[in-house]
Number of protein chains: 2
Amino acid sequence: MHGAVKVPKDVIDGLRTQGFKLTNARRAIVEVLCARSMPVSVAELIAELAKRGARADKTTVYREILFMQERGIVDQVQFGDRVKRYEFRDDGHHHHLVCVECGVVVDVPLENDLEAAEKVIERKTGYAITRHSLEFFGVCPDCR
Amino acid sequence: MHGAVKVPKDVIDGLRTQGFKLTNARRAIVEVLCARSMPVSVAELIAELAKRGARADKTTVYREILFMQERGIVDQVQFGDRVKRYEFRDDGHHHHLVCVECGVVVDVPLENDLEAAEKVIERKTGYAITRHSLEFFGVCPDCR
DNA sequence: TTGACAAATGCAACTGAGTTGCATTATATT
DNA sequence: AATATAATGCAACTCAGTTGCATTTGTCAA
């Protein structure tokens, strides 16, 4: 359901040529984000890092995530609770389908093109639209 | 750009016939929500209530909002920060266009039907979809 | 290899949105 | 007016996320 996943090495190399450093935390965070099929919270990320023997302080993780967001490597999503979740930005823009019972998240590519809708909205409103977020909520087959 | 706004009186009367009480806070909260053209945070709601001489504790406001959400009177939206915002549910389902500079929010009716998309997703995934949230982000004409 | 500089880190203290328990008050009903 | 229960306010709490600052680490040039 995904497009090709950008391999961590590309990301890391890209950063290095821009004068940023390859640290243990950075490498591990990119790895975890790529390995995950659904958006991860910072708390989950820290737990996963610890499991892999790459402990990192929450401040570090928050800063790293912000850093990656600013560079378009990571996207933020919100599912209605107070936690922000993050996911690696792959090539194919997709949306999310969240089970309100168990919380599992699957991707929805949605061929119905919202990019066209954005164009129309821009023309009507005069806004310069930079992004949109679309999440569907429902009950998954296992929880019905 | 809105559908007809349900008048507060209808809502209040509906609740009263179900055994709930008409309190100052409840009346004032409904009024403020109806008067607003964009989603309101609890902090803003409290400030607005105070201005109208209807002070209410934040606990009261949170509980009242939850009460109204459970009854489909109010919808929650999230715009990427950690604050939840609420709006009166009007008849025409719409989406939001948020200016990332000044924060102003306008409604987007979006004729492009996502309900049809939901049907397709339900058939493909086996989920029972209950709702979706769609927000557009960009820069408004005044901020460009 | 080493020294220097900037990037990155960890810690502690903080912020602020949202929640919970409980005793009290207000509203509707009889 | 008495009763039942919905609604309220307060204080204390939770916890995601932030900030300041001193320290460490990665990179690169000499």
# chains A, B, ... in the order shown; residues from 1 in each chain; ligands from 1
call {"tool": "closest_atom_pairs", "arguments": {"of": "chain C", "to": "chain A", "cutoff": "10 Å", "atoms": "only C-alpha atoms (C1' of nucleotides)", "output": "tab-separated table"}}
result
residue	atom	partner	partner_atom	distance
C:DA6	C1'	A:Gly19	CA	9.4
C:DA7	C1'	A:Lys21	CA	6.7
C:DA8	C1'	A:Thr23	CA	7.9
C:DT9	C1'	A:Thr60	CA	6.6
C:DG10	C1'	A:Asp57	CA	6.4
C:DC11	C1'	A:Asp57	CA	8.9
C:DA17	C1'	A:Arg82	CA	8.7
C:DG18	C1'	A:Arg82	CA	8.8
call {"tool": "select_by_dssp", "arguments": {"residues": "chain B", "states": "strand (DSSP E or B)", "output": "PyMOL selection string"}}
result
chain B and resi 40-41+74-78+84-88+95-99+105-108+128-139
call {"tool": "write_last_selection", "arguments": {"atoms": "C-alpha atoms", "output": "PDB file, in the first residue's frame"}}
result
ATOM      1  CA  VAL B  40     -12.908  27.619  19.824  1.00  0.00           C
ATOM      2  CA  SER B  41     -10.497  26.270  22.414  1.00  0.00           C
ATOM      3  CA  VAL B  74     -20.407  19.748  19.105  1.00  0.00           C
ATOM      4  CA  ASP B  75     -17.481  18.479  17.028  1.00  0.00           C
ATOM      5  CA  GLN B  76     -13.818  18.451  17.981  1.00  0.00           C
ATOM      6  CA  VAL B  77     -11.061  19.509  15.608  1.00  0.00           C
ATOM      7  CA  GLN B  78      -7.281  19.602  15.899  1.00  0.00           C
ATOM      8  CA  LYS B  84      -8.382  20.850  20.960  1.00  0.00           C
ATOM      9  CA  ARG B  85     -10.958  23.135  19.450  1.00  0.00           C
ATOM     10  CA  TYR B  86     -14.695  22.757  19.264  1.00  0.00           C
ATOM     11  CA  GLU B  87     -17.454  23.947  17.028  1.00  0.00           C
ATOM     12  CA  PHE B  88     -21.178  23.739  16.857  1.00  0.00           C
ATOM     13  CA  HIS B  95     -13.744  21.122   6.366  1.00  0.00           C
ATOM     14  CA  HIS B  96     -11.259  23.743   7.473  1.00  0.00           C
ATOM     15  CA  LEU B  97      -8.672  25.924   5.868  1.00  0.00           C
ATOM     16  CA  VAL B  98      -6.163  27.182   8.438  1.00  0.00           C
ATOM     17  CA  CYS B  99      -3.705  30.016   7.911  1.00  0.00           C
ATOM     18  CA  VAL B 105      -9.818  29.476  10.073  1.00  0.00           C
ATOM     19  CA  VAL B 106     -12.383  29.483   7.294  1.00  0.00           C
ATOM     20  CA  ASP B 107     -14.784  26.744   6.303  1.00  0.00           C
ATOM     21  CA  VAL B 108     -14.426  24.746   3.105  1.00  0.00           C
ATOM     22  CA  ALA B 128     -17.080   0.654   9.436  1.00  0.00           C
ATOM     23  CA  ILE B 129     -16.162   4.310   8.988  1.00  0.00           C
ATOM     24  CA  THR B 130     -17.836   6.691  11.405  1.00  0.00           C
ATOM     25  CA  ARG B 131     -16.209   9.997  10.567  1.00  0.00           C
ATOM     26  CA  HIS B 132     -13.272  11.705   8.944  1.00  0.00           C
ATOM     27  CA  SER B 133     -11.376  14.895   9.536  1.00  0.00           C
ATOM     28  CA  LEU B 134      -9.870  16.974   6.784  1.00  0.00           C
ATOM     29  CA  GLU B 135      -7.899  20.147   7.332  1.00  0.00           C
ATOM     30  CA  PHE B 136      -6.065  22.250   4.790  1.00  0.00           C
ATOM     31  CA  PHE B 137      -3.125  24.413   5.839  1.00  0.00           C
ATOM     32  CA  GLY B 138      -1.709  27.382   3.989  1.00  0.00           C
ATOM     33  CA  VAL B 139      -1.148  31.122   4.006  1.00  0.00           C
TER      34      VAL B 139
END
call {"tool": "interface_residues", "arguments": {"of": "chain D", "to": "chain B", "cutoff": "8 Å", "atoms": "only C-alpha atoms (C1' of nucleotides)", "output": "list in words"}}
result
DA6, DA7, DT8 and DG9 of chain D
call {"tool": "calpha_fit_and_write", "arguments": {"fixed": "chain B", "moving": "chain A", "output": "PDB file with C-alpha atoms, in the first residue's frame"}}
result
ATOM      1  CA  MET A   1     -20.556  29.301   3.356  1.00  0.00           C
ATOM      2  CA  HIS A   2     -22.426  27.658   6.238  1.00  0.00           C
ATOM      3  CA  GLY A   3     -25.643  25.732   6.188  1.00  0.00           C
ATOM      4  CA  ALA A   4     -28.443  27.059   8.383  1.00  0.00           C
ATOM      5  CA  VAL A   5     -27.201  27.334  11.948  1.00  0.00           C
ATOM      6  CA  LYS A   6     -29.232  25.312  14.382  1.00  0.00           C
ATOM      7  CA  VAL A   7     -30.609  27.774  16.905  1.00  0.00           C
ATOM      8  CA  PRO A   8     -29.507  27.262  20.524  1.00  0.00           C
ATOM      9  CA  LYS A   9     -33.100  27.044  21.711  1.00  0.00           C
ATOM     10  CA  ASP A  10     -33.652  23.839  19.747  1.00  0.00           C
ATOM     11  CA  VAL A  11     -30.607  22.281  21.340  1.00  0.00           C
ATOM     12  CA  ILE A  12     -31.531  23.368  24.839  1.00  0.00           C
ATOM     13  CA  ASP A  13     -35.117  22.171  24.485  1.00  0.00           C
ATOM     14  CA  GLY A  14     -33.910  18.866  23.088  1.00  0.00           C
ATOM     15  CA  LEU A  15     -31.770  18.334  26.157  1.00  0.00           C
ATOM     16  CA  ARG A  16     -34.491  19.355  28.575  1.00  0.00           C
ATOM     17  CA  THR A  17     -36.934  16.808  27.208  1.00  0.00           C
ATOM     18  CA  GLN A  18     -34.255  14.214  27.882  1.00  0.00           C
ATOM     19  CA  GLY A  19     -34.031  15.088  31.544  1.00  0.00           C
ATOM     20  CA  PHE A  20     -31.003  17.369  31.428  1.00  0.00           C
ATOM     21  CA  LYS A  21     -30.976  20.763  33.028  1.00  0.00           C
ATOM     22  CA  LEU A  22     -30.847  24.220  31.601  1.00  0.00           C
ATOM     23  CA  THR A  23     -28.069  25.902  33.530  1.00  0.00           C
ATOM     24  CA  ASN A  24     -26.455  29.287  33.019  1.00  0.00           C
ATOM     25  CA  ALA A  25     -23.207  27.672  31.923  1.00  0.00           C
ATOM     26  CA  ARG A  26     -24.901  25.396  29.424  1.00  0.00           C
ATOM     27  CA  ARG A  27     -26.911  28.186  27.866  1.00  0.00           C
ATOM     28  CA  ALA A  28     -23.918  30.511  27.670  1.00  0.00           C
ATOM     29  CA  ILE A  29     -21.624  27.875  26.167  1.00  0.00           C
ATOM     30  CA  VAL A  30     -24.119  27.059  23.431  1.00  0.00           C
ATOM     31  CA  GLU A  31     -24.523  30.754  22.701  1.00  0.00           C
ATOM     32  CA  VAL A  32     -20.802  31.381  22.403  1.00  0.00           C
ATOM     33  CA  LEU A  33     -20.282  28.348  20.180  1.00  0.00           C
ATOM     34  CA  CYS A  34     -23.063  29.469  17.858  1.00  0.00           C
ATOM     35  CA  ALA A  35     -21.812  33.042  17.698  1.00  0.00           C
ATOM     36  CA  ARG A  36     -18.335  31.942  16.659  1.00  0.00           C
ATOM     37  CA  SER A  37     -17.400  31.463  13.032  1.00  0.00           C
ATOM     38  CA  MET A  38     -14.401  29.310  13.796  1.00  0.00           C
ATOM     39  CA  PRO A  39     -13.578  26.521  16.251  1.00  0.00           C
ATOM     40  CA  VAL A  40     -12.907  27.666  19.838  1.00  0.00           C
ATOM     41  CA  SER A  41     -10.504  26.318  22.441  1.00  0.00           C
ATOM     42  CA  VAL A  42     -11.646  25.825  26.020  1.00  0.00           C
ATOM     43  CA  ALA A  43      -9.397  28.688  27.137  1.00  0.00           C
ATOM     44  CA  GLU A  44     -11.009  31.023  24.616  1.00  0.00           C
ATOM     45  CA  LEU A  45     -14.425  29.785  25.599  1.00  0.00           C
ATOM     46  CA  ILE A  46     -13.805  30.548  29.270  1.00  0.00           C
ATOM     47  CA  ALA A  47     -12.565  34.059  28.428  1.00  0.00           C
ATOM     48  CA  GLU A  48     -15.615  34.693  26.266  1.00  0.00           C
ATOM     49  CA  LEU A  49     -17.945  33.416  28.979  1.00  0.00           C
ATOM     50  CA  ALA A  50     -16.316  35.726  31.534  1.00  0.00           C
ATOM     51  CA  LYS A  51     -16.799  38.671  29.172  1.00  0.00           C
ATOM     52  CA  ARG A  52     -20.502  37.883  29.063  1.00  0.00           C
ATOM     53  CA  GLY A  53     -20.708  37.681  32.831  1.00  0.00           C
ATOM     54  CA  ALA A  54     -21.121  33.910  32.872  1.00  0.00           C
ATOM     55  CA  ARG A  55     -17.991  32.740  34.660  1.00  0.00           C
ATOM     56  CA  ALA A  56     -17.466  29.003  34.695  1.00  0.00           C
ATOM     57  CA  ASP A  57     -14.722  26.787  36.018  1.00  0.00           C
ATOM     58  CA  LYS A  58     -12.625  25.013  33.396  1.00  0.00           C
ATOM     59  CA  THR A  59     -13.767  21.646  34.735  1.00  0.00           C
ATOM     60  CA  THR A  60     -17.343  22.622  34.045  1.00  0.00           C
ATOM     61  CA  VAL A  61     -16.500  23.727  30.527  1.00  0.00           C
ATOM     62  CA  TYR A  62     -14.560  20.570  29.736  1.00  0.00           C
ATOM     63  CA  ARG A  63     -17.392  18.444  31.054  1.00  0.00           C
ATOM     64  CA  GLU A  64     -20.011  20.390  29.172  1.00  0.00           C
ATOM     65  CA  ILE A  65     -18.051  20.134  25.930  1.00  0.00           C
ATOM     66  CA  LEU A  66     -17.661  16.390  26.411  1.00  0.00           C
ATOM     67  CA  PHE A  67     -21.358  16.119  27.110  1.00  0.00           C
ATOM     68  CA  MET A  68     -22.162  17.954  23.885  1.00  0.00           C
ATOM     69  CA  GLN A  69     -19.692  15.925  21.871  1.00  0.00           C
ATOM     70  CA  GLU A  70     -21.305  12.708  23.043  1.00  0.00           C
ATOM     71  CA  ARG A  71     -24.661  14.025  21.848  1.00  0.00           C
ATOM     72  CA  GLY A  72     -23.399  15.189  18.466  1.00  0.00           C
ATOM     73  CA  ILE A  73     -24.029  18.845  19.255  1.00  0.00           C
ATOM     74  CA  VAL A  74     -20.373  19.782  19.087  1.00  0.00           C
ATOM     75  CA  ASP A  75     -17.441  18.529  17.013  1.00  0.00           C
ATOM     76  CA  GLN A  76     -13.788  18.492  17.949  1.00  0.00           C
ATOM     77  CA  VAL A  77     -11.025  19.569  15.589  1.00  0.00           C
ATOM     78  CA  GLN A  78      -7.240  19.646  15.881  1.00  0.00           C
ATOM     79  CA  PHE A  79      -5.021  22.021  13.978  1.00  0.00           C
ATOM     80  CA  GLY A  80      -1.591  20.612  14.733  1.00  0.00           C
ATOM     81  CA  ASP A  81      -0.911  22.323  18.029  1.00  0.00           C
ATOM     82  CA  ARG A  82      -1.698  20.700  21.331  1.00  0.00           C
ATOM     83  CA  VAL A  83      -5.005  22.473  21.796  1.00  0.00           C
ATOM     84  CA  LYS A  84      -8.323  20.912  20.976  1.00  0.00           C
ATOM     85  CA  ARG A  85     -10.935  23.184  19.455  1.00  0.00           C
ATOM     86  CA  TYR A  86     -14.664  22.778  19.266  1.00  0.00           C
ATOM     87  CA  GLU A  87     -17.425  23.995  17.029  1.00  0.00           C
ATOM     88  CA  PHE A  88     -21.156  23.769  16.866  1.00  0.00           C
ATOM     89  CA  ARG A  89     -22.206  21.067  14.427  1.00  0.00           C
ATOM     90  CA  ASP A  90     -24.178  22.680  11.662  1.00  0.00           C
ATOM     91  CA  ASP A  91     -26.087  20.831   8.988  1.00  0.00           C
ATOM     92  CA  GLY A  92     -23.641  21.087   6.121  1.00  0.00           C
ATOM     93  CA  HIS A  93     -20.526  19.045   6.821  1.00  0.00           C
ATOM     94  CA  HIS A  94     -17.509  21.149   6.003  1.00  0.00           C
ATOM     95  CA  HIS A  95     -13.748  21.154   6.377  1.00  0.00           C
ATOM     96  CA  HIS A  96     -11.250  23.773   7.476  1.00  0.00           C
ATOM     97  CA  LEU A  97      -8.645  25.931   5.849  1.00  0.00           C
ATOM     98  CA  VAL A  98      -6.141  27.172   8.419  1.00  0.00           C
ATOM     99  CA  CYS A  99      -3.673  30.004   7.880  1.00  0.00           C
ATOM    100  CA  VAL A 100      -0.344  28.837   9.270  1.00  0.00           C
ATOM    101  CA  GLU A 101       0.717  32.464   9.785  1.00  0.00           C
ATOM    102  CA  CYS A 102      -2.151  34.150  11.611  1.00  0.00           C
ATOM    103  CA  GLY A 103      -4.216  31.115  12.559  1.00  0.00           C
ATOM    104  CA  VAL A 104      -7.459  32.312  11.039  1.00  0.00           C
ATOM    105  CA  VAL A 105      -9.792  29.496  10.036  1.00  0.00           C
ATOM    106  CA  VAL A 106     -12.341  29.504   7.256  1.00  0.00           C
ATOM    107  CA  ASP A 107     -14.761  26.774   6.270  1.00  0.00           C
ATOM    108  CA  VAL A 108     -14.427  24.764   3.089  1.00  0.00           C
ATOM    109  CA  PRO A 109     -17.597  22.943   2.003  1.00  0.00           C
ATOM    110  CA  LEU A 110     -15.707  20.853  -0.615  1.00  0.00           C
ATOM    111  CA  GLU A 111     -18.251  19.560  -3.106  1.00  0.00           C
ATOM    112  CA  ASN A 112     -15.823  16.741  -3.940  1.00  0.00           C
ATOM    113  CA  ASP A 113     -17.586  13.971  -2.106  1.00  0.00           C
ATOM    114  CA  LEU A 114     -15.604  12.147   0.490  1.00  0.00           C
ATOM    115  CA  GLU A 115     -18.691  10.205   1.500  1.00  0.00           C
ATOM    116  CA  ALA A 116     -18.340   8.251  -1.715  1.00  0.00           C
ATOM    117  CA  ALA A 117     -14.676   7.700  -0.935  1.00  0.00           C
ATOM    118  CA  GLU A 118     -15.646   6.388   2.493  1.00  0.00           C
ATOM    119  CA  LYS A 119     -17.921   3.813   0.884  1.00  0.00           C
ATOM    120  CA  VAL A 120     -15.098   2.592  -1.304  1.00  0.00           C
ATOM    121  CA  ILE A 121     -12.732   2.393   1.648  1.00  0.00           C
ATOM    122  CA  GLU A 122     -15.290   0.503   3.706  1.00  0.00           C
ATOM    123  CA  ARG A 123     -15.710  -2.050   0.953  1.00  0.00           C
ATOM    124  CA  LYS A 124     -11.968  -2.482   0.479  1.00  0.00           C
ATOM    125  CA  THR A 125     -10.967  -2.617   4.140  1.00  0.00           C
ATOM    126  CA  GLY A 126     -13.988  -3.968   5.991  1.00  0.00           C
ATOM    127  CA  TYR A 127     -13.978  -1.017   8.399  1.00  0.00           C
ATOM    128  CA  ALA A 128     -17.188   0.695   9.504  1.00  0.00           C
ATOM    129  CA  ILE A 129     -16.240   4.340   9.037  1.00  0.00           C
ATOM    130  CA  THR A 130     -17.912   6.738  11.431  1.00  0.00           C
ATOM    131  CA  ARG A 131     -16.273  10.038  10.564  1.00  0.00           C
ATOM    132  CA  HIS A 132     -13.315  11.739   8.954  1.00  0.00           C
ATOM    133  CA  SER A 133     -11.404  14.918   9.552  1.00  0.00           C
ATOM    134  CA  LEU A 134      -9.884  16.973   6.781  1.00  0.00           C
ATOM    135  CA  GLU A 135      -7.923  20.154   7.318  1.00  0.00           C
ATOM    136  CA  PHE A 136      -6.058  22.231   4.772  1.00  0.00           C
ATOM    137  CA  PHE A 137      -3.109  24.391   5.816  1.00  0.00           C
ATOM    138  CA  GLY A 138      -1.682  27.345   3.965  1.00  0.00           C
ATOM    139  CA  VAL A 139      -1.110  31.081   3.960  1.00  0.00           C
ATOM    140  CA  CYS A 140      -4.101  33.394   3.710  1.00  0.00           C
ATOM    141  CA  PRO A 141      -4.198  36.379   1.317  1.00  0.00           C
ATOM    142  CA  ASP A 142      -3.553  38.854   4.150  1.00  0.00           C
ATOM    143  CA  CYS A 143      -0.383  37.067   5.260  1.00  0.00           C
ATOM    144  CA  ARG A 144       1.214  36.566   1.850  1.00  0.00           C
TER     145      ARG A 144
END
call {"tool": "select_by_dssp", "arguments": {"residues": "chain A", "states": "alpha helix (DSSP H)", "output": "PyMOL selection string"}}
result
chain A and resi 8-16+24-35+42-51+58-70+114-125
call {"tool": "atom_distance", "arguments": {"atom1": "C1' of DT14 in chain D", "atom2": "C1' of DT24 in chain C"}}
result
25.1 Å
call {"tool": "residues_around", "arguments": {"residues": "DA12 in chain D", "least_positions_apart": "6", "cutoff": "12 Å", "atoms": "only C-alpha atoms (C1' of nucleotides)", "output": "PyMOL selection string"}}
result
chain C and resi 19-22
call {"tool": "residues_around", "arguments": {"residues": "DA2 in chain D", "least_positions_apart": "2", "cutoff": "12 Å", "atoms": "only C-alpha atoms (C1' of nucleotides)", "output": "count of residues only"}}
result
3
call {"tool": "atom_distance", "arguments": {"atom1": "C1' of DA22 in chain D", "atom2": "C1' of DG3 in chain C"}}
result
20.9 Å
call {"tool": "atom_distance", "arguments": {"atom1": "C1' of DT25 in chain C", "atom2": "C1' of DC13 in chain D"}}
result
24.1 Å
call {"tool": "decode", "arguments": {"residues": "chain D", "atoms": "C-alpha atoms (C1' of nucleotides)", "output": "PDB file, in the first residue's frame"}}
result
ATOM      1  C1'  DA D   1     -41.569  22.803  50.357  1.00  0.00           C
ATOM      2  C1'  DA D   2     -39.196  18.276  49.870  1.00  0.00           C
ATOM      3  C1'  DT D   3     -36.718  15.265  47.027  1.00  0.00           C
ATOM      4  C1'  DA D   4     -33.745  13.449  43.549  1.00  0.00           C
ATOM      5  C1'  DT D   5     -30.107  14.031  40.622  1.00  0.00           C
ATOM      6  C1'  DA D   6     -27.797  16.925  37.280  1.00  0.00           C
ATOM      7  C1'  DA D   7     -24.335  20.255  37.389  1.00  0.00           C
ATOM      8  C1'  DT D   8     -20.711  22.981  39.656  1.00  0.00           C
ATOM      9  C1'  DG D   9     -16.291  24.532  41.772  1.00  0.00           C
ATOM     10  C1'  DC D  10     -12.102  23.680  43.864  1.00  0.00           C
ATOM     11  C1'  DA D  11      -7.770  21.556  44.589  1.00  0.00           C
ATOM     12  C1'  DA D  12      -4.741  18.386  43.394  1.00  0.00           C
ATOM     13  C1'  DC D  13      -3.065  15.749  39.856  1.00  0.00           C
ATOM     14  C1'  DT D  14      -1.234  13.724  35.122  1.00  0.00           C
ATOM     15  C1'  DC D  15       1.579  13.952  31.434  1.00  0.00           C
ATOM     16  C1'  DA D  16       2.997  15.631  26.670  1.00  0.00           C
ATOM     17  C1'  DG D  17       5.874  18.836  25.322  1.00  0.00           C
ATOM     18  C1'  DT D  18       9.346  22.928  26.137  1.00  0.00           C
ATOM     19  C1'  DT D  19      13.356  25.718  27.792  1.00  0.00           C
ATOM     20  C1'  DG D  20      17.914  26.989  29.668  1.00  0.00           C
ATOM     21  C1'  DC D  21      22.295  25.650  30.344  1.00  0.00           C
ATOM     22  C1'  DA D  22      26.379  23.184  31.016  1.00  0.00           C
ATOM     23  C1'  DT D  23      28.623  19.158  28.798  1.00  0.00           C
ATOM     24  C1'  DT D  24      29.735  15.926  25.205  1.00  0.00           C
ATOM     25  C1'  DT D  25      30.507  14.362  20.536  1.00  0.00           C
ATOM     26  C1'  DG D  26      31.157  14.364  15.516  1.00  0.00           C
ATOM     27  C1'  DT D  27      33.511  16.584  11.752  1.00  0.00           C
ATOM     28  C1'  DC D  28      36.968  18.778   9.389  1.00  0.00           C
ATOM     29  C1'  DA D  29      41.089  21.355   8.607  1.00  0.00           C
ATOM     30  C1'  DA D  30      45.773  22.086   9.904  1.00  0.00           C
TER      31       DA D  30
END
